[in-house]
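S.K.: Below you will find the structure I want to go over with you.
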Amino acid sequence: MNVSDRAAPDSALTRLRRTLRVRDALRYTRTVGGVAVPALRIGVSFGVPIAALAALGRVDLVPFAAFGAFTSLYCRVDTWSHRARLLPLIALGLVASVATATMIAATTDDALIGVLVLTAIATLGKLAADVLEFGPPGGLMFVFAAGAAAYATQDWSSTGLHIEVTAASAALSVALSLLGNLLHPTGPHRVAAARALVAVADHLDSPSPATRHRAHLAVHRASAALRGPGRTASTLRAHLADAEHLLHHPADAGHLRDLARKVHRGRIPQPASTPPSSPAGTPRASRGLRASAITPFLPNAGRMLLACLLAGLITIPVGLGHAYWAVVSASAVLQSTHATATWLRTVQRLAGTLGGAVLAVAMFGLHPSPLVVLALVVVCQLVAEVFVQANYALGLLFVTPLALGLASLSNPAAHDELIVERITTTVLGALVAAAVSLVLINRQSARRLHAALAECQAAQQQLRAAEESTVARARLTRAVLALRNAHAVADGEPWHRNPRTREVLDTEHAAYELLAATAPSRARA
């Protein structure tokens with residue numbers, strides 16, 4: 001690359017202004033599949049235990065049933081094997097968080113100890129979610145459940161029952177999430193394939209480095225989901241191979257969107273090419289729990305620790321009744337990978353909370369009974385799941401009255417105070433988190449980007465020299481995707497003076513050209 005090709009690094013002020021833009025915060029992102037069915041499953045996961053407790057006259061236990069039902073928020077469209085591996089761990093983490101919080105609350109009412117415990121749970125939850133790839137909503141629900149459990153009146157006589165209700169609800173959520181394997185065993189595979197087809201079509205219609213990355217990433221994820229035997233998986237692999245061929249040899253993509261709709265609905269046509277016997281590439285290497293795998297995530301865990309601690313400590317002298325909401329708010333906006341994403345989530349959280357507070361005013365203005373509040377909680381959770389993937393702010397529009405409704409069960413007369421506290425603590429926690437993400441510099445991002453560039457270049461050299469290209473192509477595919485992710489993190493940090501954008505784009509271009517040149521030929525059916 002010539003020296004003249006290198007773009008001059010932006011000034012610190014320019015990068016800060018770019019970080020603090022709000023244009024993208026309220027953008028509506030279209031989601032292909034995986035919305036209605038997961039939302040209904042989540043609604044059932046919340047509704048069944050809540051209805052059972054209401055029928056037994058134990059409305060006081062409803063919040064703990066909801067904490068266990070948080071398990072259903074994870075792995076919405078993941079494959080059944082992936083759910084079976086992760087959901088029990090997530091359920092165990094939620095139960096452990098609630099158990100820790102309830103026992104601490106039963107032991108002492110010291111606000112400082114409560115803040116320290118919630119900060120530890122938020123930090124460990126963030127680290128575990130990043131390393132083990134829990135996916136949305138990340139580590140947020142652990143600290144949410146712990147904070148709400150700690151705030152509820154606790155004594156040792158009720159602690160055991162609270163933990164048992166949480167565990168039973170979590171187990172029900174795991175069972176319901178896995179039950180779909182009997183009803184629609186190929187559902188997650190069809191969603192992954194449909195999303196990949198649409199991502200390829202989006203790139204072919206409006207090509208850019210960003211759309212190319214999203215297309216290759218979607219194809220890579222779909223390929224991983226389609227591993228294994230079965231006629232449906234084999235047919236979907238063939239359609240995926242045809243779409244990947246179009247990525248390397250662009251042509252008209254008009255048919256891909258129609259094909260995606262058919263695949264999503266289960267009416268899968270026969271492919272034009274012979275189905276490959278196995279998906280392209282090799283299984284993703286397991287990170288394990290080596291120190292080298294954890295290190296890249298430590299800066300964001302450090303931000304979580306400092307932001308939650310500061311947010312909690314600030315609320316202590318103020319005397320807010322639901323101070324844990326500030327810690328939850330800080331944790332929520334820091335479920336991100338870099339400072340720019342944190343700021344966007346801050347804007348979304350503030351907008352969604354303010355809008356949700358208006359809905360809560362209307363809800364409480366009707367003076368609903370506890371049973372009506374419980375019904376509204378389930379409805380709000382279901383609607384939130386329909387919209388949260390499109391935009392985080394839209395999800396919070398319904399999560400906010402849900403949280404206020406649960407909080408009102410223990411103090412039905414304090415509606416106005418609850419709404420004011422929710423807004424105050426949310427603003428405080430979110431702004432503290434945004435400030436910490438700007439001040440606490442992620443120095444790992446530069447090293448991670450350098451390593452990703454070196455790996456991508458080494459993978460290209462291996463593929464050029466390889467006699468059998470399958471393994472080498474798989475390595476290069478993973479490397480180029482990792483490079484884009486590493487650059488996104490580095491470019492999202494305002495104090496990173498040189499994210500090497502031109503070098504990354506050139507390396508990506510060379511990698512994709514090489515992948516196109518070494519793509520296997522397709523046998524026509």
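Convention: chains lettered A, B, ... in structure tokens order; per-chain residue numbering from 1; ligands numbered from 1 as shown.
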Just asking: which residues within stretch 38-271 of chain A are helix (DSSP H, G or I) according to DSSP, as an NGL selection string?
M.R.: :A and (38-55 or 59-73 or 80-107 or 111-132 or 140-151 or 156-183 or 187-205 or 209-225 or 231-248 or 254-265)
S.K.: Just want the 8 Å neighbourhood of stretch 334-350 of chain A, counted on only C-alpha atoms, with same-chain residues fewer than 4 positions away dropped. Output as an mmCIF file with N, CA and C atoms, in the first residue's frame.
M.R.:
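Result written to part30.cif:
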data_model
loop_
_atom_site.group_PDB
_atom_site.id
_atom_site.type_symbol
_atom_site.label_atom_id
_atom_site.label_comp_id
_atom_site.auth_asym_id
_atom_site.auth_seq_id
_atom_site.Cartn_x
_atom_site.Cartn_y
_atom_site.Cartn_z
ATOM 1 N N THR A 19 -18.302 9.711 17.762
ATOM 2 C CA THR A 19 -18.751 8.753 18.766
ATOM 3 C C THR A 19 -20.092 9.155 19.360
ATOM 4 N N LEU A 20 -20.276 10.461 19.590
ATOM 5 C CA LEU A 20 -21.462 10.949 20.288
ATOM 6 C C LEU A 20 -22.616 11.287 19.353
ATOM 7 N N ARG A 21 -22.578 10.832 18.122
ATOM 8 C CA ARG A 21 -23.710 11.078 17.235
ATOM 9 C C ARG A 21 -24.895 10.216 17.678
ATOM 10 N N VAL A 22 -26.081 10.682 17.346
ATOM 11 C CA VAL A 22 -27.286 9.972 17.781
ATOM 12 C C VAL A 22 -28.118 9.479 16.599
ATOM 13 N N ASP A 24 -27.863 7.061 14.494
ATOM 14 C CA ASP A 24 -28.109 5.627 14.336
ATOM 15 C C ASP A 24 -28.853 5.014 15.516
ATOM 16 N N ALA A 25 -29.025 5.773 16.598
ATOM 17 C CA ALA A 25 -29.576 5.188 17.812
ATOM 18 C C ALA A 25 -31.025 4.739 17.649
ATOM 19 N N LEU A 26 -31.802 5.485 16.869
ATOM 20 C CA LEU A 26 -33.223 5.183 16.743
ATOM 21 C C LEU A 26 -33.557 4.534 15.405
ATOM 22 N N LYS A 126 -21.082 -9.892 32.796
ATOM 23 C CA LYS A 126 -20.584 -9.357 31.536
ATOM 24 C C LYS A 126 -19.442 -10.203 30.993
ATOM 25 N N PRO A 137 -29.658 -10.969 25.890
ATOM 26 C CA PRO A 137 -29.275 -9.660 26.424
ATOM 27 C C PRO A 137 -27.984 -9.649 27.232
ATOM 28 N N GLY A 138 -27.052 -10.519 26.940
ATOM 29 C CA GLY A 138 -25.753 -10.498 27.601
ATOM 30 C C GLY A 138 -25.850 -10.786 29.087
ATOM 31 N N GLY A 139 -25.052 -10.063 29.867
ATOM 32 C CA GLY A 139 -25.039 -10.283 31.318
ATOM 33 C C GLY A 139 -26.042 -9.437 32.074
ATOM 34 N N LEU A 140 -26.902 -8.720 31.360
ATOM 35 C CA LEU A 140 -27.807 -7.768 32.005
ATOM 36 C C LEU A 140 -28.769 -8.429 32.976
ATOM 37 N N ASN A 300 -13.680 -4.212 28.851
ATOM 38 C CA ASN A 300 -15.110 -3.942 28.997
ATOM 39 C C ASN A 300 -15.632 -4.401 30.354
ATOM 40 N N ARG A 303 -14.703 -1.610 32.665
ATOM 41 C CA ARG A 303 -15.660 -0.517 32.545
ATOM 42 C C ARG A 303 -16.947 -0.829 33.310
ATOM 43 N N MET A 304 -17.402 -2.060 33.197
ATOM 44 C CA MET A 304 -18.613 -2.460 33.909
ATOM 45 C C MET A 304 -18.427 -2.305 35.411
ATOM 46 N N SER A 329 -29.107 0.085 35.011
ATOM 47 C CA SER A 329 -29.022 0.968 33.846
ATOM 48 C C SER A 329 -27.591 1.053 33.335
ATOM 49 N N ALA A 330 -26.628 1.185 34.250
ATOM 50 C CA ALA A 330 -25.223 1.218 33.840
ATOM 51 C C ALA A 330 -24.829 -0.091 33.168
ATOM 52 N N LEU A 354 -38.054 6.985 28.926
ATOM 53 C CA LEU A 354 -38.970 8.124 28.990
ATOM 54 C C LEU A 354 -40.309 7.783 28.324
ATOM 55 N N TYR A 392 -33.444 -1.314 20.375
ATOM 56 C CA TYR A 392 -33.416 -1.465 21.834
ATOM 57 C C TYR A 392 -34.382 -0.491 22.507
ATOM 58 N N ALA A 393 -34.500 0.732 21.982
ATOM 59 C CA ALA A 393 -35.397 1.727 22.573
ATOM 60 C C ALA A 393 -36.850 1.270 22.498
ATOM 61 N N LEU A 396 -37.491 -1.189 25.236
ATOM 62 C CA LEU A 396 -37.593 -0.553 26.547
ATOM 63 C C LEU A 396 -38.907 0.195 26.720
ATOM 64 N N THR A 426 -32.347 5.703 35.928
ATOM 65 C CA THR A 426 -31.952 5.321 34.565
ATOM 66 C C THR A 426 -31.025 6.360 33.964
ATOM 67 N N VAL A 427 -31.394 7.622 34.071
ATOM 68 C CA VAL A 427 -30.542 8.696 33.539
ATOM 69 C C VAL A 427 -29.185 8.686 34.224
ATOM 70 N N ALA A 430 -27.113 5.411 33.202
ATOM 71 C CA ALA A 430 -26.713 5.404 31.795
ATOM 72 C C ALA A 430 -25.630 6.438 31.520
ATOM 73 N N LEU A 431 -25.779 7.635 32.065
ATOM 74 C CA LEU A 431 -24.777 8.683 31.820
ATOM 75 C C LEU A 431 -23.452 8.362 32.506
ATOM 76 N N ALA A 433 -22.288 5.350 32.966
ATOM 77 C CA ALA A 433 -21.677 4.307 32.138
ATOM 78 C C ALA A 433 -21.080 4.892 30.869
ATOM 79 N N ALA A 434 -21.810 5.818 30.234
ATOM 80 C CA ALA A 434 -21.290 6.438 29.014
ATOM 81 C C ALA A 434 -20.010 7.211 29.303
ATOM 82 N N SER A 437 -17.097 4.796 29.805
ATOM 83 C CA SER A 437 -16.631 4.196 28.553
ATOM 84 C C SER A 437 -15.750 5.163 27.763
ATOM 85 N N LEU A 438 -15.959 6.460 27.951
ATOM 86 C CA LEU A 438 -15.126 7.452 27.258
ATOM 87 C C LEU A 438 -13.812 7.701 27.985
ATOM 88 N N VAL A 489 -14.293 -2.633 16.838
ATOM 89 C CA VAL A 489 -13.998 -2.261 18.223
ATOM 90 C C VAL A 489 -13.002 -1.114 18.270
ATOM 91 N N ALA A 490 -11.927 -1.222 17.498
ATOM 92 C CA ALA A 490 -10.903 -0.166 17.500
ATOM 93 C C ALA A 490 -11.459 1.150 16.974
ATOM 94 N N GLY A 492 -14.479 2.100 17.100
ATOM 95 C CA GLY A 492 -15.497 2.610 18.006
ATOM 96 C C GLY A 492 -14.952 3.254 19.253
ATOM 97 N N GLU A 493 -13.633 3.245 19.413
ATOM 98 C CA GLU A 493 -13.009 3.896 20.566
ATOM 99 C C GLU A 493 -12.509 5.278 20.140
ATOM 100 N N PRO A 494 -13.032 6.355 20.719
ATOM 101 C CA PRO A 494 -12.696 7.702 20.233
ATOM 102 C C PRO A 494 -11.236 8.081 20.402
#
S.K.: From the options A:Ala362, A:Ala122, A:Leu428, A:Leu217, which residue's atoms come nearest to A:Leu305, counting only C-alpha atoms?
M.R.: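 Of A:Ala362, A:Ala122, A:Leu428, A:Leu217, the one nearest A:Leu305, counting only C-alpha atoms, is A:Ala122.
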S.K.: Please list as a PDB file with C-alpha atoms, in the first residue's frame every residue within 8 Å of A:Val378, counting only C-alpha atoms and excluding residues in the same chain fewer than 5 positions away.
M.R.:
ATOM      1  CA  GLY A  43     -44.696 -15.046  26.919  1.00  0.00           C
ATOM      2  CA  PHE A  46     -43.489 -15.780  32.015  1.00  0.00           C
ATOM      3  CA  GLY A  47     -47.226 -16.382  31.937  1.00  0.00           C
ATOM      4  CA  LEU A 402     -43.107  -4.133  33.029  1.00  0.00           C
TER       5      LEU A 402
END
S.K.: For A:Pro370, find every residue with an atom within 10 Å (counting only C-alpha atoms), except residues of its own chain fewer than 5 positions away, and show them as a list of chain:residue names.
M.R.: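 Contacts, in chain order: A:Ala54, A:Val59, A:Ala375, A:Leu376, A:Gly405, A:Leu406, A:Ser408, A:Leu409, A:Ser410, A:Pro412.
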S.K.: Could those selected residues go to a file with N, CA, C and O atoms, as a PDB file, in the first residue's frame?
M.R.:
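Result file follows (part.pdb):
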ATOM      1  N   ALA A  54     -50.474 -16.746  40.976  1.00  0.00           N
ATOM      2  CA  ALA A  54     -51.666 -15.925  41.219  1.00  0.00           C
ATOM      3  C   ALA A  54     -52.837 -16.801  41.659  1.00  0.00           C
ATOM      4  O   ALA A  54     -53.607 -16.431  42.559  1.00  0.00           O
ATOM      5  N   VAL A  59     -48.994 -13.836  45.173  1.00  0.00           N
ATOM      6  CA  VAL A  59     -48.525 -12.779  44.289  1.00  0.00           C
ATOM      7  C   VAL A  59     -47.156 -12.276  44.722  1.00  0.00           C
ATOM      8  O   VAL A  59     -46.368 -11.782  43.902  1.00  0.00           O
ATOM      9  N   ALA A 375     -51.179  -9.453  34.414  1.00  0.00           N
ATOM     10  CA  ALA A 375     -51.508  -9.687  33.008  1.00  0.00           C
ATOM     11  C   ALA A 375     -50.777  -8.688  32.116  1.00  0.00           C
ATOM     12  O   ALA A 375     -50.253  -9.053  31.049  1.00  0.00           O
ATOM     13  N   LEU A 376     -50.721  -7.432  32.546  1.00  0.00           N
ATOM     14  CA  LEU A 376     -50.022  -6.412  31.767  1.00  0.00           C
ATOM     15  C   LEU A 376     -48.526  -6.687  31.709  1.00  0.00           C
ATOM     16  O   LEU A 376     -47.872  -6.412  30.695  1.00  0.00           O
ATOM     17  N   GLY A 405     -44.377  -2.277  36.920  1.00  0.00           N
ATOM     18  CA  GLY A 405     -45.487  -3.106  37.375  1.00  0.00           C
ATOM     19  C   GLY A 405     -45.047  -4.125  38.409  1.00  0.00           C
ATOM     20  O   GLY A 405     -45.726  -4.321  39.431  1.00  0.00           O
ATOM     21  N   LEU A 406     -43.910  -4.780  38.169  1.00  0.00           N
ATOM     22  CA  LEU A 406     -43.393  -5.736  39.151  1.00  0.00           C
ATOM     23  C   LEU A 406     -43.053  -5.036  40.461  1.00  0.00           C
ATOM     24  O   LEU A 406     -43.333  -5.560  41.548  1.00  0.00           O
ATOM     25  N   SER A 408     -44.387  -2.368  41.648  1.00  0.00           N
ATOM     26  CA  SER A 408     -45.587  -1.871  42.318  1.00  0.00           C
ATOM     27  C   SER A 408     -46.306  -2.943  43.124  1.00  0.00           C
ATOM     28  O   SER A 408     -47.135  -2.625  43.981  1.00  0.00           O
ATOM     29  N   LEU A 409     -46.007  -4.208  42.866  1.00  0.00           N
ATOM     30  CA  LEU A 409     -46.695  -5.279  43.593  1.00  0.00           C
ATOM     31  C   LEU A 409     -46.409  -5.217  45.086  1.00  0.00           C
ATOM     32  O   LEU A 409     -47.258  -5.589  45.903  1.00  0.00           O
ATOM     33  N   SER A 410     -45.197  -4.756  45.447  1.00  0.00           N
ATOM     34  CA  SER A 410     -44.855  -4.670  46.865  1.00  0.00           C
ATOM     35  C   SER A 410     -45.263  -3.340  47.486  1.00  0.00           C
ATOM     36  O   SER A 410     -45.245  -3.194  48.701  1.00  0.00           O
ATOM     37  N   PRO A 412     -48.235  -0.876  46.137  1.00  0.00           N
ATOM     38  CA  PRO A 412     -49.179  -0.431  45.103  1.00  0.00           C
ATOM     39  C   PRO A 412     -49.514   1.059  45.139  1.00  0.00           C
ATOM     40  O   PRO A 412     -49.947   1.607  44.136  1.00  0.00           O
TER      41      PRO A 412
END
S.K.: Here is a test: counting only C-alpha atoms, which residue of A:Ser72, A:Gly147, A:Val219, A:Asp506 is nearest to A:Ser169?
M.R.: A:Ser72
S.K.: Using only C-alpha atoms, which protein or nucleic acid residues come within 8 Å of A:His248? Drop anything in the same chain fewer than 4 positions from it, and give the result as number ranges by chain.
M.R.: A: 244, 512-513, 515-516
S.K.: Write the residues you've just listed into a file as a short mmCIF file (atom, residue, chain, number, x, y, z; two decimals), in the first residue's frame, and include all heavy atoms for each of them.
M.R.:
data_model
loop_
_atom_site.label_atom_id
_atom_site.label_comp_id
_atom_site.auth_asym_id
_atom_site.auth_seq_id
_atom_site.Cartn_x
_atom_site.Cartn_y
_atom_site.Cartn_z
N GLU A 244 -23.49 -18.20 -1.51
CA GLU A 244 -22.08 -17.86 -1.29
C GLU A 244 -21.37 -17.68 -2.64
O GLU A 244 -20.49 -16.83 -2.78
CB GLU A 244 -21.40 -18.93 -0.45
CG GLU A 244 -19.98 -18.54 -0.04
CD GLU A 244 -19.37 -19.56 0.90
OE1 GLU A 244 -19.91 -20.67 1.02
OE2 GLU A 244 -18.34 -19.24 1.51
N TYR A 512 -11.11 -11.61 0.36
CA TYR A 512 -12.32 -12.03 -0.35
C TYR A 512 -12.03 -12.38 -1.81
O TYR A 512 -12.67 -13.27 -2.39
CB TYR A 512 -13.38 -10.94 -0.25
CG TYR A 512 -14.03 -10.87 1.12
CD1 TYR A 512 -14.05 -9.69 1.86
CD2 TYR A 512 -14.63 -12.00 1.68
CE1 TYR A 512 -14.65 -9.63 3.11
CE2 TYR A 512 -15.22 -11.95 2.92
CZ TYR A 512 -15.23 -10.76 3.63
OH TYR A 512 -15.81 -10.72 4.88
N GLU A 513 -11.08 -11.69 -2.42
CA GLU A 513 -10.67 -12.05 -3.77
C GLU A 513 -10.08 -13.46 -3.79
O GLU A 513 -10.36 -14.26 -4.70
CB GLU A 513 -9.64 -11.04 -4.30
CG GLU A 513 -10.23 -9.68 -4.65
CD GLU A 513 -11.08 -9.74 -5.89
OE1 GLU A 513 -10.66 -10.37 -6.89
OE2 GLU A 513 -12.19 -9.18 -5.87
N LEU A 515 -10.69 -15.86 -1.56
CA LEU A 515 -11.77 -16.81 -1.30
C LEU A 515 -12.58 -17.07 -2.57
O LEU A 515 -13.00 -18.21 -2.83
CB LEU A 515 -12.68 -16.28 -0.19
CG LEU A 515 -12.11 -16.30 1.23
CD1 LEU A 515 -13.02 -15.56 2.19
CD2 LEU A 515 -11.90 -17.74 1.71
N ALA A 516 -12.80 -16.03 -3.37
CA ALA A 516 -13.53 -16.20 -4.62
C ALA A 516 -12.75 -17.06 -5.60
O ALA A 516 -13.31 -17.93 -6.28
CB ALA A 516 -13.83 -14.83 -5.24
#
S.K.: Contacts of stretch 187-204 of chain A at 8 Å or less, counting only C-alpha atoms, minus same-chain residues fewer than 2 places along, as a PyMOL selection string?
M.R.: chain A and resi 32-34+77-80+184-185+206-208+211-212+214-216+218-219+221-222+225-226+233+236+240+243-244+246-247+250-254+256-257+259-261+263-264+266
S.K.: One number please: atom CA of A:Thr501 to atom CA of A:Leu483, in Å, one decimal.
M.R.: 10.9 Å
S.K.: A:Arg30, A:Glu455, A:Ser177, A:Val44: which is nearest A:Val379, counting only C-alpha atoms?
M.R.: A:Val44
S.K.: Need the shell around A:Ser157: protein/DNA/RNA residues with any atom at most 12 Å away, counting only C-alpha atoms. Skip same-chain ones fewer than 3 positions apart. Format as a PyMOL selection string?
M.R.: chain A and resi 102-103+106-107+153-154+160-163
S.K.: Once you have the residues from the selection above, write them out as a PDB file, in the first residue's frame, restricted to N, CA, C and O atoms.
M.R.:
ATOM      1  N   THR A 102     -30.417 -12.500  47.677  1.00  0.00           N
ATOM      2  CA  THR A 102     -31.387 -12.700  48.754  1.00  0.00           C
ATOM      3  C   THR A 102     -30.696 -13.012  50.082  1.00  0.00           C
ATOM      4  O   THR A 102     -31.116 -12.514  51.135  1.00  0.00           O
ATOM      5  N   MET A 103     -29.646 -13.803  50.053  1.00  0.00           N
ATOM      6  CA  MET A 103     -28.947 -14.134  51.293  1.00  0.00           C
ATOM      7  C   MET A 103     -28.212 -12.920  51.861  1.00  0.00           C
ATOM      8  O   MET A 103     -28.183 -12.708  53.079  1.00  0.00           O
ATOM      9  N   ALA A 106     -30.846 -10.715  53.383  1.00  0.00           N
ATOM     10  CA  ALA A 106     -31.350 -11.262  54.644  1.00  0.00           C
ATOM     11  C   ALA A 106     -30.346 -11.084  55.776  1.00  0.00           C
ATOM     12  O   ALA A 106     -30.725 -11.057  56.947  1.00  0.00           O
ATOM     13  N   THR A 107     -29.076 -10.965  55.402  1.00  0.00           N
ATOM     14  CA  THR A 107     -28.018 -10.849  56.406  1.00  0.00           C
ATOM     15  C   THR A 107     -27.814  -9.412  56.869  1.00  0.00           C
ATOM     16  O   THR A 107     -27.609  -9.139  58.056  1.00  0.00           O
ATOM     17  N   THR A 153     -38.278  -7.367  50.275  1.00  0.00           N
ATOM     18  CA  THR A 153     -38.106  -7.634  51.705  1.00  0.00           C
ATOM     19  C   THR A 153     -37.636  -9.075  51.902  1.00  0.00           C
ATOM     20  O   THR A 153     -38.281 -10.014  51.436  1.00  0.00           O
ATOM     21  N   GLN A 154     -36.519  -9.219  52.600  1.00  0.00           N
ATOM     22  CA  GLN A 154     -35.908 -10.533  52.748  1.00  0.00           C
ATOM     23  C   GLN A 154     -35.677 -10.865  54.223  1.00  0.00           C
ATOM     24  O   GLN A 154     -35.299 -10.006  55.015  1.00  0.00           O
ATOM     25  N   GLY A 160     -35.205 -19.400  51.212  1.00  0.00           N
ATOM     26  CA  GLY A 160     -35.222 -20.699  50.531  1.00  0.00           C
ATOM     27  C   GLY A 160     -36.346 -20.800  49.512  1.00  0.00           C
ATOM     28  O   GLY A 160     -36.144 -21.283  48.393  1.00  0.00           O
ATOM     29  N   LEU A 161     -37.541 -20.336  49.879  1.00  0.00           N
ATOM     30  CA  LEU A 161     -38.677 -20.403  48.967  1.00  0.00           C
ATOM     31  C   LEU A 161     -38.443 -19.516  47.750  1.00  0.00           C
ATOM     32  O   LEU A 161     -38.778 -19.901  46.617  1.00  0.00           O
ATOM     33  N   HIS A 162     -37.861 -18.344  47.948  1.00  0.00           N
ATOM     34  CA  HIS A 162     -37.588 -17.447  46.825  1.00  0.00           C
ATOM     35  C   HIS A 162     -36.628 -18.093  45.827  1.00  0.00           C
ATOM     36  O   HIS A 162     -36.825 -18.002  44.605  1.00  0.00           O
ATOM     37  N   ILE A 163     -35.609 -18.750  46.342  1.00  0.00           N
ATOM     38  CA  ILE A 163     -34.636 -19.408  45.461  1.00  0.00           C
ATOM     39  C   ILE A 163     -35.287 -20.584  44.743  1.00  0.00           C
ATOM     40  O   ILE A 163     -35.050 -20.808  43.544  1.00  0.00           O
TER      41      ILE A 163
END
S.K.: Just to confirm, what's the straight-line distance from atom CA of A:Pro209 to atom CA of A:Ala452 in Å (one decimal)?
M.R.: 16.9 Å
